[in-house]
Each structure stands twice: as C-alpha cells, then as structure tokens.
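Okay, run-v7.cif is below, mmCIF, C-alpha atoms and all ligand atoms:
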```cif
data_target
#
loop_
_atom_site.label_atom_id
_atom_site.label_comp_id
_atom_site.auth_asym_id
_atom_site.auth_seq_id
_atom_site.Cartn_x
_atom_site.Cartn_y
_atom_site.Cartn_z
CA MET A 1 34.43 -6.48 3.91
CA THR A 2 36.98 -8.57 5.73
CA GLY A 3 38.58 -10.06 2.61
CA ASP A 4 42.34 -9.98 2.31
CA PRO A 5 43.09 -7.35 -0.39
CA LYS A 6 46.19 -9.32 -1.44
CA ARG A 7 43.93 -12.21 -2.42
CA ARG A 8 41.64 -10.13 -4.65
CA GLY A 9 41.77 -11.20 -8.27
CA ARG A 10 43.38 -14.52 -7.27
CA ARG A 11 41.87 -17.97 -7.36
CA LEU A 12 39.11 -18.55 -4.78
CA PRO A 13 40.19 -20.40 -1.61
CA ARG A 14 39.18 -24.04 -1.23
CA VAL A 15 35.76 -24.40 0.36
CA SER A 16 34.36 -27.02 2.71
CA GLY A 17 30.74 -28.03 3.39
CA PRO A 18 28.10 -30.09 1.58
CA ARG A 19 29.07 -30.96 -2.00
CA GLY A 20 25.98 -29.89 -3.84
CA VAL A 21 25.38 -26.40 -2.51
CA HIS A 22 21.80 -26.86 -3.73
CA SER A 23 21.05 -28.91 -0.66
CA VAL A 24 21.30 -25.83 1.57
CA ILE A 25 19.00 -23.69 -0.59
CA ARG A 26 15.21 -23.95 -0.07
CA PRO A 27 13.46 -25.69 -3.00
CA LEU A 28 11.24 -22.62 -3.37
CA VAL A 29 14.28 -20.39 -3.87
CA ARG A 30 15.98 -22.89 -6.19
CA GLN A 31 12.95 -22.81 -8.49
CA LEU A 32 12.35 -19.08 -8.21
CA HIS A 33 12.47 -16.88 -11.31
CA ALA A 34 13.74 -13.59 -9.93
CA TYR A 35 12.45 -10.22 -11.11
CA VAL A 36 14.38 -8.90 -14.10
CA PRO A 37 14.93 -5.13 -13.86
CA GLY A 38 15.37 -3.03 -16.99
CA GLU A 39 18.90 -2.77 -18.34
CA GLN A 40 21.11 0.00 -16.87
CA PRO A 41 23.71 0.33 -19.64
CA LYS A 42 26.98 2.20 -19.21
CA ILE A 43 27.34 3.05 -22.92
CA GLN A 44 27.93 6.78 -23.46
CA GLY A 45 25.48 8.76 -25.56
CA LEU A 46 22.69 6.21 -25.35
CA ILE A 47 19.15 7.59 -25.21
CA LYS A 48 17.72 5.61 -22.33
CA LEU A 49 13.96 5.17 -22.63
CA ASN A 50 13.63 1.72 -21.04
CA THR A 51 12.98 2.09 -17.30
CA ASN A 52 10.51 4.98 -16.97
CA GLU A 53 12.97 7.29 -15.28
CA ASN A 54 12.20 11.01 -15.36
CA PRO A 55 14.34 12.87 -17.92
CA TYR A 56 14.47 15.95 -15.67
CA PRO A 57 16.69 16.12 -12.57
CA PRO A 58 15.35 16.62 -9.04
CA SER A 59 14.71 20.25 -8.10
CA PRO A 60 17.89 22.24 -7.22
CA LYS A 61 16.45 22.66 -3.71
CA VAL A 62 16.24 18.88 -3.31
CA LEU A 63 19.82 18.40 -4.49
CA ALA A 64 20.97 21.13 -2.08
CA ALA A 65 19.07 19.56 0.85
CA ILE A 66 20.63 16.15 0.19
CA LYS A 67 24.13 17.65 -0.16
CA ASP A 68 23.66 19.60 3.08
CA ALA A 69 22.78 16.41 4.89
CA VAL A 70 26.03 14.68 3.92
CA ASP A 71 28.19 15.26 6.99
CA GLY A 72 29.12 13.61 10.28
CA ARG A 73 25.46 12.67 10.85
CA LEU A 74 25.91 9.79 8.44
CA ARG A 75 27.21 7.81 11.44
CA LEU A 76 23.74 7.96 13.05
CA TYR A 77 20.73 5.78 12.28
CA PRO A 78 17.95 7.62 10.45
CA ASN A 79 14.52 8.19 11.99
CA PRO A 80 13.11 4.63 12.05
CA THR A 81 9.53 5.62 11.16
CA SER A 82 10.33 8.52 8.80
CA GLN A 83 8.26 10.60 11.20
CA SER A 84 8.72 14.08 9.66
CA LEU A 85 8.00 12.77 6.18
CA ARG A 86 4.85 10.97 7.35
CA GLU A 87 3.68 14.19 9.03
CA LYS A 88 4.29 16.22 5.89
CA LEU A 89 2.60 13.67 3.64
CA ALA A 90 -0.35 13.49 6.05
CA LYS A 91 -0.86 17.25 5.71
CA TYR A 92 -0.58 16.97 1.93
CA HIS A 93 -3.13 14.16 1.72
CA ARG A 94 -5.35 15.55 4.52
CA CYS A 95 -5.04 12.51 6.76
CA GLU A 96 -3.03 11.47 9.85
CA PRO A 97 0.58 10.23 10.03
CA GLU A 98 -0.95 6.92 11.24
CA ASN A 99 -2.47 6.55 7.76
CA ILE A 100 1.00 6.50 6.18
CA ILE A 101 3.99 4.17 5.96
CA ILE A 102 7.23 4.92 4.11
CA GLY A 103 9.12 2.29 2.13
CA ASN A 104 12.51 1.72 0.55
CA GLY A 105 10.89 2.44 -2.82
CA SER A 106 7.30 1.40 -3.30
CA ASP A 107 8.58 -2.10 -4.18
CA ASP A 108 9.37 -2.45 -0.47
CA LEU A 109 5.73 -1.72 0.39
CA LEU A 110 4.42 -4.23 -2.15
CA ALA A 111 6.63 -6.89 -0.56
CA LEU A 112 5.47 -5.89 2.94
CA ALA A 113 1.85 -6.23 1.83
CA VAL A 114 2.45 -9.82 0.69
CA ARG A 115 4.20 -10.54 3.99
CA ALA A 116 1.45 -9.00 6.12
CA PHE A 117 -1.73 -10.14 4.36
CA VAL A 118 -1.05 -13.42 2.54
CA GLU A 119 -0.73 -16.89 4.11
CA PRO A 120 2.10 -18.89 2.53
CA GLN A 121 0.88 -22.20 1.14
CA ALA A 122 1.91 -24.84 3.67
CA GLY A 123 4.86 -26.92 2.46
CA ARG A 124 4.31 -26.18 -1.21
CA VAL A 125 6.31 -24.52 -3.89
CA ALA A 126 4.01 -21.81 -5.18
CA ALA A 127 2.85 -22.08 -8.72
CA ASN A 128 -0.14 -20.78 -10.57
CA THR A 129 -2.39 -22.71 -8.23
CA ARG A 130 -5.80 -21.16 -8.67
CA THR A 131 -8.55 -23.71 -8.44
CA VAL A 132 -12.21 -22.99 -9.10
CA GLN A 133 -14.74 -25.39 -7.61
CA ALA A 134 -16.98 -26.78 -10.32
CA GLY A 135 -19.86 -24.45 -11.02
CA GLY A 136 -19.16 -22.20 -8.06
CA HIS A 137 -17.45 -18.92 -7.23
CA ARG A 138 -15.30 -20.35 -4.43
CA PHE A 139 -11.55 -20.48 -4.71
CA ARG A 140 -9.73 -22.99 -2.55
CA ASP A 141 -6.67 -20.90 -1.81
CA SER A 142 -8.08 -17.41 -1.29
CA ALA A 143 -6.15 -16.84 1.95
CA SER A 144 -2.92 -17.67 0.08
CA THR A 145 -3.73 -15.88 -3.15
CA VAL A 146 -2.04 -12.85 -4.65
CA GLN A 147 -4.24 -11.62 -7.50
CA TYR A 148 -3.55 -9.20 -10.33
CA PHE A 149 -4.40 -8.45 -13.94
CA THR A 150 -2.15 -9.36 -16.84
CA PRO A 151 -0.47 -7.45 -18.18
CA SER A 152 0.47 -5.44 -15.11
CA TYR A 153 3.61 -4.99 -12.99
CA SER A 154 5.71 -8.14 -13.41
CA LEU A 155 7.05 -7.93 -9.85
CA TYR A 156 3.73 -9.16 -8.32
CA PRO A 157 4.11 -12.86 -9.29
CA VAL A 158 7.72 -12.79 -8.12
CA LEU A 159 6.71 -11.44 -4.69
CA ALA A 160 4.04 -14.15 -4.46
CA ALA A 161 6.54 -16.85 -5.42
CA ILE A 162 9.11 -15.64 -2.85
CA HIS A 163 6.40 -15.87 -0.18
CA GLY A 164 5.19 -19.30 -1.28
CA ALA A 165 1.77 -17.87 -2.15
CA ALA A 166 -0.62 -18.84 -4.94
CA THR A 167 -1.31 -16.43 -7.78
CA ASN A 168 -4.45 -15.63 -9.71
CA ALA A 169 -3.53 -13.75 -12.87
CA VAL A 170 -6.56 -12.57 -14.85
CA SER A 171 -6.14 -11.33 -18.42
CA LEU A 172 -7.33 -7.90 -19.44
CA SER A 173 -9.15 -7.45 -22.76
CA PRO A 174 -6.98 -7.08 -25.89
CA GLU A 175 -7.44 -3.29 -25.56
CA PHE A 176 -6.22 -3.49 -21.93
CA LEU A 177 -9.36 -1.72 -20.62
CA PHE A 178 -10.54 -2.04 -17.02
CA PRO A 179 -13.12 -4.84 -16.81
CA SER A 180 -16.39 -3.96 -15.10
CA ALA A 181 -17.12 -5.61 -11.77
CA ALA A 182 -20.15 -7.27 -13.43
CA LEU A 183 -17.92 -8.79 -16.11
CA LEU A 184 -15.43 -10.05 -13.52
CA ARG A 185 -18.28 -11.64 -11.56
CA LYS A 186 -19.63 -13.32 -14.65
CA SER A 187 -16.25 -14.64 -15.77
CA ARG A 188 -15.72 -16.42 -12.44
CA ALA A 189 -11.97 -16.08 -12.95
CA TRP A 190 -11.66 -13.25 -10.43
CA ASP A 191 -11.41 -14.13 -6.74
CA PHE A 192 -13.24 -11.48 -4.71
CA GLU A 193 -11.87 -13.11 -1.55
CA ALA A 194 -8.21 -13.17 -2.57
CA ALA A 195 -5.99 -12.22 0.37
CA LEU A 196 -4.26 -9.53 -1.68
CA THR A 197 -5.17 -7.98 -5.01
CA PHE A 198 -2.68 -5.69 -6.75
CA ILE A 199 -4.08 -3.22 -9.28
CA THR A 200 -1.58 -1.04 -11.15
CA THR A 201 -3.41 2.20 -11.84
CA PRO A 202 -2.69 3.72 -14.26
CA ASN A 203 -1.56 0.36 -15.57
CA ALA A 204 1.97 -0.65 -16.54
CA PRO A 205 3.19 -1.59 -19.06
CA THR A 206 0.03 -0.63 -20.96
CA GLY A 207 -0.17 3.00 -19.77
CA ARG A 208 -3.98 2.86 -19.61
CA GLY A 209 -5.65 4.91 -16.88
CA PHE A 210 -8.42 3.23 -14.90
CA PRO A 211 -11.50 5.26 -13.80
CA THR A 212 -11.66 5.81 -10.02
CA SER A 213 -15.40 5.05 -10.05
CA ASP A 214 -14.69 1.58 -11.56
CA LEU A 215 -11.94 0.95 -9.01
CA ASP A 216 -14.30 1.98 -6.22
CA GLU A 217 -16.99 -0.38 -7.44
CA LEU A 218 -14.53 -3.27 -7.56
CA CYS A 219 -13.01 -2.50 -4.15
CA ARG A 220 -16.47 -2.54 -2.55
CA LEU A 221 -16.94 -6.17 -3.66
CA HIS A 222 -13.64 -7.37 -2.18
CA GLN A 223 -13.14 -9.20 1.10
CA GLY A 224 -9.33 -9.19 1.06
CA LEU A 225 -6.84 -6.36 0.83
CA VAL A 226 -6.75 -4.36 -2.41
CA LEU A 227 -3.53 -2.45 -3.11
CA LEU A 228 -3.83 0.25 -5.77
CA ASP A 229 -0.31 0.73 -7.11
CA GLU A 230 -0.24 4.36 -8.25
CA ALA A 231 3.44 4.52 -9.23
CA TYR A 232 2.61 6.57 -12.36
CA VAL A 233 -0.43 8.49 -11.15
CA ASP A 234 1.10 11.98 -11.37
CA PHE A 235 0.94 11.73 -15.17
CA ALA A 236 -2.75 10.75 -15.12
CA GLU A 237 -5.94 12.79 -15.08
CA GLU A 238 -7.34 11.24 -11.88
CA HIS A 239 -6.17 9.34 -8.83
CA ALA A 240 -7.82 7.00 -6.34
CA LEU A 241 -6.19 8.07 -3.10
CA SER A 242 -9.56 8.82 -1.50
CA LEU A 243 -10.41 5.09 -1.70
CA SER A 244 -7.60 4.29 0.74
CA LEU A 245 -9.10 6.67 3.29
CA ARG A 246 -12.69 5.58 2.66
CA HIS A 247 -12.30 1.77 2.64
CA ARG A 248 -10.60 -0.13 5.47
CA HIS A 249 -9.21 -2.80 3.13
CA VAL A 250 -7.75 -0.52 0.44
CA LEU A 251 -4.15 0.71 0.29
CA VAL A 252 -2.70 3.16 -2.21
CA ALA A 253 1.05 2.95 -2.93
CA ARG A 254 2.95 5.91 -4.35
CA THR A 255 6.59 6.51 -5.20
CA PHE A 256 9.02 9.42 -5.44
CA SER A 257 10.89 7.51 -8.18
CA LYS A 258 9.10 8.41 -11.38
CA ALA A 259 7.33 11.75 -11.09
CA TYR A 260 9.76 13.16 -8.51
CA SER A 261 13.02 12.04 -10.17
CA LEU A 262 14.29 10.14 -7.13
CA CYS A 263 14.76 6.53 -8.41
CA PHE A 264 18.31 6.61 -7.03
CA GLN A 265 17.13 7.36 -3.50
CA ARG A 266 14.58 4.51 -3.26
CA ILE A 267 11.61 6.02 -1.46
CA GLY A 268 7.86 5.46 -1.67
CA TYR A 269 4.84 5.40 0.64
CA ALA A 270 1.47 3.81 1.18
CA VAL A 271 -1.75 5.34 2.50
CA GLY A 272 -4.46 3.35 4.25
CA HIS A 273 -6.42 2.62 7.41
CA PRO A 274 -4.28 2.92 10.59
CA ASP A 275 -4.82 -0.78 11.46
CA VAL A 276 -3.66 -1.88 8.03
CA ILE A 277 -0.70 0.52 8.15
CA ALA A 278 0.19 -0.80 11.65
CA ALA A 279 0.23 -4.35 10.26
CA LEU A 280 2.69 -3.32 7.52
CA ASP A 281 4.73 -1.46 10.10
CA LYS A 282 5.16 -4.64 12.17
CA VAL A 283 6.74 -6.58 9.31
CA ARG A 284 9.11 -3.96 7.88
CA ASP A 285 12.83 -3.70 8.63
CA SER A 286 13.35 -1.32 11.53
CA TYR A 287 15.40 1.15 9.45
CA ASN A 288 13.89 0.42 6.05
CA VAL A 289 14.29 3.96 4.68
CA ASN A 290 17.71 5.58 4.52
CA GLY A 291 18.20 9.07 5.91
CA LEU A 292 19.21 10.83 2.69
CA ALA A 293 16.07 9.50 1.00
CA GLN A 294 13.95 10.96 3.82
CA VAL A 295 15.72 14.32 3.40
CA GLY A 296 15.21 14.22 -0.38
CA ALA A 297 11.51 13.37 -0.13
CA LEU A 298 10.88 16.11 2.46
CA ALA A 299 12.56 18.72 0.26
CA THR A 300 10.57 17.43 -2.74
CA LEU A 301 7.30 18.19 -0.96
CA ASP A 302 8.55 21.77 -0.40
CA ASP A 303 9.00 22.35 -4.13
CA LEU A 304 5.98 20.76 -5.81
CA PRO A 305 5.49 23.51 -8.44
CA TYR A 306 8.87 22.56 -9.96
CA TYR A 307 7.64 18.99 -10.43
CA ARG A 308 4.18 20.01 -11.69
CA GLY A 309 5.98 21.95 -14.44
CA ASN A 310 7.84 18.76 -15.40
CA PHE A 311 4.60 16.72 -15.47
CA GLU A 312 3.21 19.16 -18.02
CA LEU A 313 6.39 18.96 -20.13
CA ILE A 314 6.29 15.16 -20.07
CA LYS A 315 2.58 15.07 -20.95
CA ALA A 316 3.17 17.45 -23.87
CA THR A 317 6.06 15.30 -25.15
CA ARG A 318 3.88 12.21 -24.69
CA ALA A 319 1.19 13.73 -26.91
CA ARG A 320 3.71 14.77 -29.59
CA LEU A 321 5.54 11.43 -29.62
CA SER A 322 2.26 9.47 -29.70
CA GLU A 323 1.06 11.50 -32.65
CA GLY A 324 4.39 11.24 -34.49
CA LEU A 325 4.59 7.47 -34.06
CA ALA A 326 0.93 7.02 -35.07
CA GLU A 327 1.70 8.92 -38.29
CA LEU A 328 4.49 6.41 -38.97
CA GLY A 329 2.06 3.51 -38.62
CA PHE A 330 2.58 2.56 -34.96
CA ASP A 331 -0.50 1.56 -32.93
CA VAL A 332 -0.24 3.67 -29.79
CA VAL A 333 -2.14 2.69 -26.63
CA PRO A 334 -3.50 5.88 -24.99
CA SER A 335 -1.30 6.62 -21.98
CA ALA A 336 -1.89 8.16 -18.55
CA THR A 337 1.75 7.54 -17.55
CA ASN A 338 5.30 8.65 -18.44
CA PHE A 339 5.62 5.89 -21.05
CA ILE A 340 3.71 4.64 -24.06
CA LEU A 341 3.04 1.11 -25.25
CA VAL A 342 3.24 0.93 -29.03
CA ARG A 343 2.78 -1.79 -31.61
CA PRO A 344 5.33 -1.12 -34.33
CA PRO A 345 4.66 -1.64 -38.06
CA ARG A 346 6.58 -3.80 -40.58
CA PHE A 347 9.04 -5.60 -38.26
CA ALA A 348 8.39 -7.62 -35.10
CA ALA A 349 8.83 -5.78 -31.78
CA PRO A 350 12.12 -7.55 -30.79
CA ALA A 351 13.58 -6.62 -34.20
CA TRP A 352 12.61 -2.99 -33.57
CA LEU A 353 14.28 -3.19 -30.16
CA GLU A 354 17.57 -4.17 -31.83
CA LYS A 355 17.22 -1.70 -34.71
CA LEU A 356 16.63 1.15 -32.27
CA ARG A 357 19.53 -0.01 -30.10
CA ALA A 358 21.74 0.14 -33.19
CA GLN A 359 20.71 3.80 -33.38
CA LYS A 360 21.65 4.22 -29.71
CA ILE A 361 18.07 4.31 -28.46
CA LEU A 362 17.11 1.88 -25.72
CA VAL A 363 13.43 0.98 -25.21
CA ARG A 364 11.83 -2.04 -23.49
CA TRP A 365 10.31 -5.22 -24.86
CA PHE A 366 8.48 -7.79 -22.71
CA ALA A 367 8.27 -11.46 -23.70
CA GLN A 368 4.85 -12.03 -22.08
CA PRO A 369 2.37 -13.08 -24.80
CA GLU A 370 -0.12 -10.27 -24.05
CA VAL A 371 2.41 -7.58 -24.88
CA ASN A 372 5.16 -9.25 -26.92
CA LYS A 373 4.05 -7.47 -30.10
CA TYR A 374 4.60 -4.11 -28.39
CA LEU A 375 7.45 -1.88 -27.23
CA ARG A 376 7.29 0.23 -24.11
CA ILE A 377 8.87 3.64 -24.56
CA THR A 378 9.60 5.98 -21.66
CA ILE A 379 8.74 9.62 -22.33
CA GLY A 380 11.99 11.57 -22.27
CA THR A 381 12.71 15.13 -23.34
CA ASP A 382 11.41 16.65 -26.57
CA ARG A 383 14.88 16.22 -28.09
CA GLN A 384 14.89 12.54 -27.23
CA ALA A 385 11.42 12.18 -28.77
CA ASN A 386 12.71 13.85 -31.95
CA ALA A 387 15.66 11.46 -32.06
CA LEU A 388 13.34 8.49 -31.65
CA LEU A 389 11.01 9.70 -34.41
CA ALA A 390 13.97 10.28 -36.76
CA ALA A 391 15.35 6.81 -35.99
CA ALA A 392 11.95 5.17 -36.59
CA LYS A 393 11.59 7.01 -39.91
CA ALA A 394 15.07 5.87 -40.98
CA ILE A 395 14.34 2.26 -40.02
CA LEU A 396 11.11 2.29 -42.04
CA LYS A 397 12.83 3.82 -45.09
CA ARG A 398 15.47 1.13 -45.37
N1 LIG B 1 4.91 -0.10 -9.27
C1 LIG B 1 5.07 -0.11 -10.60
C2 LIG B 1 3.89 -0.36 -11.46
C3 LIG B 1 6.34 0.11 -11.15
O1 LIG B 1 6.51 0.09 -12.48
C4 LIG B 1 7.43 0.34 -10.30
C5 LIG B 1 8.81 0.58 -10.86
N2 LIG B 1 9.38 -0.49 -11.50
C6 LIG B 1 7.20 0.33 -8.93
C7 LIG B 1 5.94 0.11 -8.44
C8 LIG B 1 8.31 0.48 -7.93
O2 LIG B 1 8.89 1.70 -7.93
P1 LIG B 1 9.89 2.12 -6.77
O3 LIG B 1 10.26 0.88 -6.00
O4 LIG B 1 11.03 2.73 -7.46
O5 LIG B 1 9.13 3.06 -5.92
#
```
Write the structure described by the file as structure tokens, please.
Ligand code: PMP
Amino acid sequence: MTGDPKRRGRRLPRVSGPRGVHSVIRPLVRQLHAYVPGEQPKIQGLIKLNTNENPYPPSPKVLAAIKDAVDGRLRLYPNPTSQSLREKLAKYHRCEPENIIIGNGSDDLLALAVRAFVEPQAGRVAANTRTVQAGGHRFRDSASTVQYFTPSYSLYPVLAAIHGAATNAVSLSPEFLFPSAALLRKSRAWDFEAALTFITTPNAPTGRGFPTSDLDELCRLHQGLVLLDEAYVDFAEEHALSLSLRHRHVLVARTFSKAYSLCFQRIGYAVGHPDVIAALDKVRDSYNVNGLAQVGALATLDDLPYYRGNFELIKATRARLSEGLAELGFDVVPSATNFILVRPPRFAAPAWLEKLRAQKILVRWFAQPEVNKYLRITIGTDRQANALLAAAKAILKR
C-alpha cells in the first residue's frame, strides 16, 4: 500500500537480511503442501463446471440488499458476532443464537475447529502419523488427530498439516458408501477417540449422500468432536442438523456458497452445543465476517422460495445429465449434491479433461488414487448440460 508508484514495474530494490530466506520460515510451513483451489479461468465463453458454483444468480432481493448497503457505512466495522444473522438462523433452525457461529465461508469454521479441538504435535512436522498399538484399538495420537474418510474434502489434511496435527485418513469402499459403525470397529483403522473427525455429508467429491441414522450411530460412539460438513446438503434428500442439537460433541457446518449462490461473499455457519460454539468463538478473528456478506446472508433467508426453486432445477438437470452420460457409457455415481462424479469410457479421465477443455468445457479431475479414474462435473443449467452431452458424444465419435 505504501509502495512508490514510480517504482512499479521496475527492478525490485536490493534487500538485506539472512541469505537463505528459508531460515526465517518454520519447517512445517516450508514442507506444507497448500490447498489447491479449482481453476478460475478468465477465458470468455468457457462453460465452467469445475468448482461447484451455482449456475443461477443470487435472488434479486439479495443483490438489491447488498447494493443498498454500499454507502458511507463501509467505513465502520461490521457486527463482530454477526448477531442479526445468528438470530435469524436460530429461528430457522429452531435453536438459540448461542448454538450458532458465523464464518468467513465454512472453510473458516473448519479451520477454527482444528484450532479449538486439536492439540498440535509437540515439536513435530505433521505427517500421516497414525499408529495402532499391536492388537489393540488404542491410537497414540488421538488428542492430536484429525480424522476423515478418503475420498472427502481435500482441505482437511491441509488444515491438519498447518496446525501440526496428525491425520487418520480411512478409505471408503470402492463404491464410496458409508461404512457401518460395526465395520469401522472391526477394521481397527478408525479412531473413535480422535480429537476431531470431519465427515463430508453428502460427500465430496463422490456426491454420495450418507444416511442420518448411520451418522447418528457413528457419532454416538465418538469421544472427540465430530464435524458434519454439510456444504452440499440442500441438494440432498436428508440432513443431519438435528444431531448437532442432540449431541454435545457434534457440529454441523453449512455454507451460503453453493446452494445460495454466494461464493463471492464468503459466508457460512456452524450449529452446535453452546459450549462448543463458545470455544470456536474464542479462537476466531474478531471481525471474521465482512458486513456485506452478513447483509447478503440475511436477505437470502428472507427469500428462501427463490432458492428452493433453483434446487429443484439443479436436481432435475442432475437427473437428466446423469442419464445422458450413462447412455454414453459413463459410470455415474448417484449424487445428492450439485455435482456428479463420473468414470468416463474409452479414454483416461485426464485425457477427457483436456478433450472437454478443447471444447470450452471445464470440469475437475483429482489426482488422488481413489478418484483419479473419475471426473467431477458441477451441475450447471440445462443448456450447459446439453453442451456437455454434445461434446462428449463428439469426443466418442472421433
Ligand atoms: N466443505 C466442502 C465439502 C466443500 O467442498 C467446500 C467448498 N470447496 C467447503 C466446505 C467450503 O465452502 P465455503 O468456504 O465456500 O463455505
């Protein structure tokens, strides 16, 4: 901010200080593999189906509310606890404002959970450090363990690594179904005492919905915190919010990004026991949620029928696209989200990624072995689905 404009574009000034700048960076940070967000290309005319954004804009009332709020008040700090939004959400979820915390996107809340509930490993660079004592169920590092299924949201291991925590990543079945609590017990790979367990439900990037009764059964067996990450739940047939109000150690995280078309604003929330929420509240930034995001989220809750209409459109497109791709020979994983995971025929998934890009359609491919034969495709509009189906047909014809 204080740079001399005349110097911009010129050679950098000479710097002083230790030679190898590495020496000032913590070893943990030097070795860290940062989260890689989906590409945000600037190319015109590209059909962008790679980051699970909603193809429909926010409601006109939301846009008007945000525009109305852009005036001299921008000089003021926003409400530090997002009080009005917590009150409105509490009414909506039939709980108290003390059951709710707002985040700068739900990613913020996931990071806060790691900070509040997981002990960093003393003096160690975190790695996949799970250790099972021979023949027993005990894990040495439970208090420092962040646990999750694979595949699930790839941010979890990054958050654990940033914190210097251990991770326990447990593979789902090849069909990506939710494993029964009995199976997890038998496998001995699952740590029921892990400090923090993240469960993406419905799951990403698989799209599979997980039954609330199964989640309930698993939560009951846990000693540590369980965070149910419901980022995509509005496109599913059931949700598990009641578990966060029934169990002291369960949190549910939600976002306005996907279903409510507010990725740009960065706003999400978590619901849970007041003591657990108070712990998260202690470790957040004092003004973690910007004012325009609070305004946008409040106006969103005043116009829910608009969004429910969009959920139905997206679900209908999801069904049509799934059917169309299955007819072309794609294996389509049943989805309870606004994306589908598909295993394409004939060519390998990365080749499909490039062939579709050549046709100006951007989808997502993940290198992790459990899903590297698949593509993840965000559900866009019906027109975008038609374009994708036409492109796939053309690719297969060649
Ligand atoms: N959870 C999951 C499973 C996600 O895919 C995402 C989006 N990448 C988030 C949470 C975070 O969403 P946001 O920070 O935009 O609320």
Produce as number ranges by chain the set of residues near ligand LIG 1 (chain B), where near means within 9 Å with all atoms listed in the file considered.
A: 37-38, 51-52, 103-110, 152-155, 199-205, 229-232, 253-258, 262-269
Given only C-alpha atoms as the counted atoms, nearest of A:Leu63, A:Leu76, A:Ala392, A:Leu49 to Ile377 (chain A)
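Smallest distance to Ile377 (chain A) is found for A:Leu49.
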Measuring atom to atom with only C-alpha atoms, identify which of A:Gly380, A:Gln40, A:Ala391, A:Leu227 is nearest to Gln359 (chain A).
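Ranking A:Gly380, A:Gln40, A:Ala391, A:Leu227 by distance to Gln359 (chain A), first place goes to A:Ala391.
Shortest separation to Ile379 (chain A) among A:Ala270, A:Cys219, A:Ile47, A:Leu225 occurs at residue A:Ile47, atoms counted being all atoms listed in the file.
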With all atoms listed in the file as the atoms that count, which of A:Ser286, A:Thr317, A:Asn50, A:Ser144 lies nearest to Leu353 (chain A)?
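Smallest distance to Leu353 (chain A) is found for A:Asn50.
Going from CA of Glu327 (chain A) to CA of Phe366 (chain A) covers 23.8 Å.
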Hey, which of A:Glu238, A:Lys61, A:Pro369, A:Tyr35 ends up closest to Leu159 (chain A)? Count only C-alpha atoms.
A:Tyr35
Counting all atoms listed in the file, note down every residue that has an atom within 12 Å of the point (0.3, -2.8, 12.8) (file coordinates), as a PyMOL selection string.
chain A and resi 98-101+112-113+116-117+272-284
One residue among A:Val114, A:Ala385, A:Leu298, A:Ala349 is nearest to Glu87 (chain A) when using all atoms listed in the file, and that residue is A:Leu298
Any idea what's packed within 9 Å of Leu313 (chain A), counting all atoms listed in the file, ignoring anything in its chain fewer than 5 positions away? Could you give it as a ChimeraX atom specification?
/A:308,318,381-382
Between CA of Gly291 (chain A) and CA of Val70 (chain A) - distance in Å to one decimal:
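Separation of CA of Val70 (chain A) and CA of Gly291 (chain A): 9.8 Å.
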Coordinates of box centre and edge lengths for region 140-148 of chain A, 6 Å on every side, axis-aligned, as AutoDock Vina command-line options:
```
--center_x -5.9 --center_y -16.1 --center_z -4.2 --size_x 19.7 --size_y 25.8 --size_z 24.3
```
Near Cys95 (chain A), counting only C-alpha atoms, which residues have an atom at most 9 Å away, once you skip same-chain residues fewer than 6 positions from it, shown as a ChimeraX atom specification?
/A:89,245,271
Residues within 10 Å of Leu46 (chain A), only C-alpha atoms, excluding chain neighbours under 5 positions, as a PDB file with C-alpha atoms, in the frame of the given file:
```
ATOM      1  CA  PRO A  41      23.710   0.330 -19.640  1.00  0.00           C
ATOM      2  CA  ARG A 357      19.530  -0.010 -30.100  1.00  0.00           C
ATOM      3  CA  ALA A 358      21.740   0.140 -33.190  1.00  0.00           C
ATOM      4  CA  GLN A 359      20.710   3.800 -33.380  1.00  0.00           C
ATOM      5  CA  LYS A 360      21.650   4.220 -29.710  1.00  0.00           C
ATOM      6  CA  ILE A 361      18.070   4.310 -28.460  1.00  0.00           C
ATOM      7  CA  LEU A 362      17.110   1.880 -25.720  1.00  0.00           C
TER       8      LEU A 362
END
```
Here's a test: counting all atoms listed in the file, identify every protein, DNA and RNA residue with an atom at most 10 Å from (13.0, 15.6, 4.6) in the file's coordinate frame, and state them as a ChimeraX atom specification.
/A:62,65-66,69,82-86,88,291-302
Incomplete region 37-50 of chain A filled out to N, CA and C atoms as a CSV table (one decimal), in the frame of the given file:
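File written: rebuild_20.csv
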```
chain,number,residue,atom,x,y,z
A,37,PRO,N,15.1,-6.6,-13.7
A,37,PRO,CA,14.9,-5.1,-13.9
A,37,PRO,C,15.4,-4.7,-15.3
A,38,GLY,N,14.9,-3.6,-15.7
A,38,GLY,CA,15.4,-3.0,-17.0
A,38,GLY,C,16.9,-2.8,-17.0
A,39,GLU,N,17.4,-2.9,-18.2
A,39,GLU,CA,18.9,-2.8,-18.3
A,39,GLU,C,19.4,-1.4,-17.9
A,40,GLN,N,20.5,-1.3,-17.2
A,40,GLN,CA,21.1,0.0,-16.9
A,40,GLN,C,22.5,0.1,-17.6
A,41,PRO,N,22.5,0.4,-18.9
A,41,PRO,CA,23.7,0.3,-19.6
A,41,PRO,C,24.7,1.5,-19.3
A,42,LYS,N,25.9,1.2,-19.5
A,42,LYS,CA,27.0,2.2,-19.2
A,42,LYS,C,27.5,2.9,-20.5
A,43,ILE,N,26.9,2.5,-21.6
A,43,ILE,CA,27.3,3.0,-22.9
A,43,ILE,C,27.1,4.6,-23.0
A,44,GLN,N,28.1,5.3,-23.4
A,44,GLN,CA,27.9,6.8,-23.5
A,44,GLN,C,27.0,7.2,-24.6
A,45,GLY,N,26.3,8.2,-24.5
A,45,GLY,CA,25.5,8.8,-25.6
A,45,GLY,C,24.2,8.0,-25.9
A,46,LEU,N,23.9,7.0,-25.1
A,46,LEU,CA,22.7,6.2,-25.4
A,46,LEU,C,21.5,7.0,-24.9
A,47,ILE,N,20.4,7.0,-25.7
A,47,ILE,CA,19.2,7.6,-25.2
A,47,ILE,C,18.4,6.5,-24.5
A,48,LYS,N,18.2,6.7,-23.2
A,48,LYS,CA,17.7,5.6,-22.3
A,48,LYS,C,16.2,5.8,-22.1
A,49,LEU,N,15.4,5.0,-22.8
A,49,LEU,CA,14.0,5.2,-22.6
A,49,LEU,C,13.4,3.8,-22.2
A,50,ASN,N,14.1,3.1,-21.3
A,50,ASN,CA,13.6,1.7,-21.0
A,50,ASN,C,13.2,1.5,-19.6
```
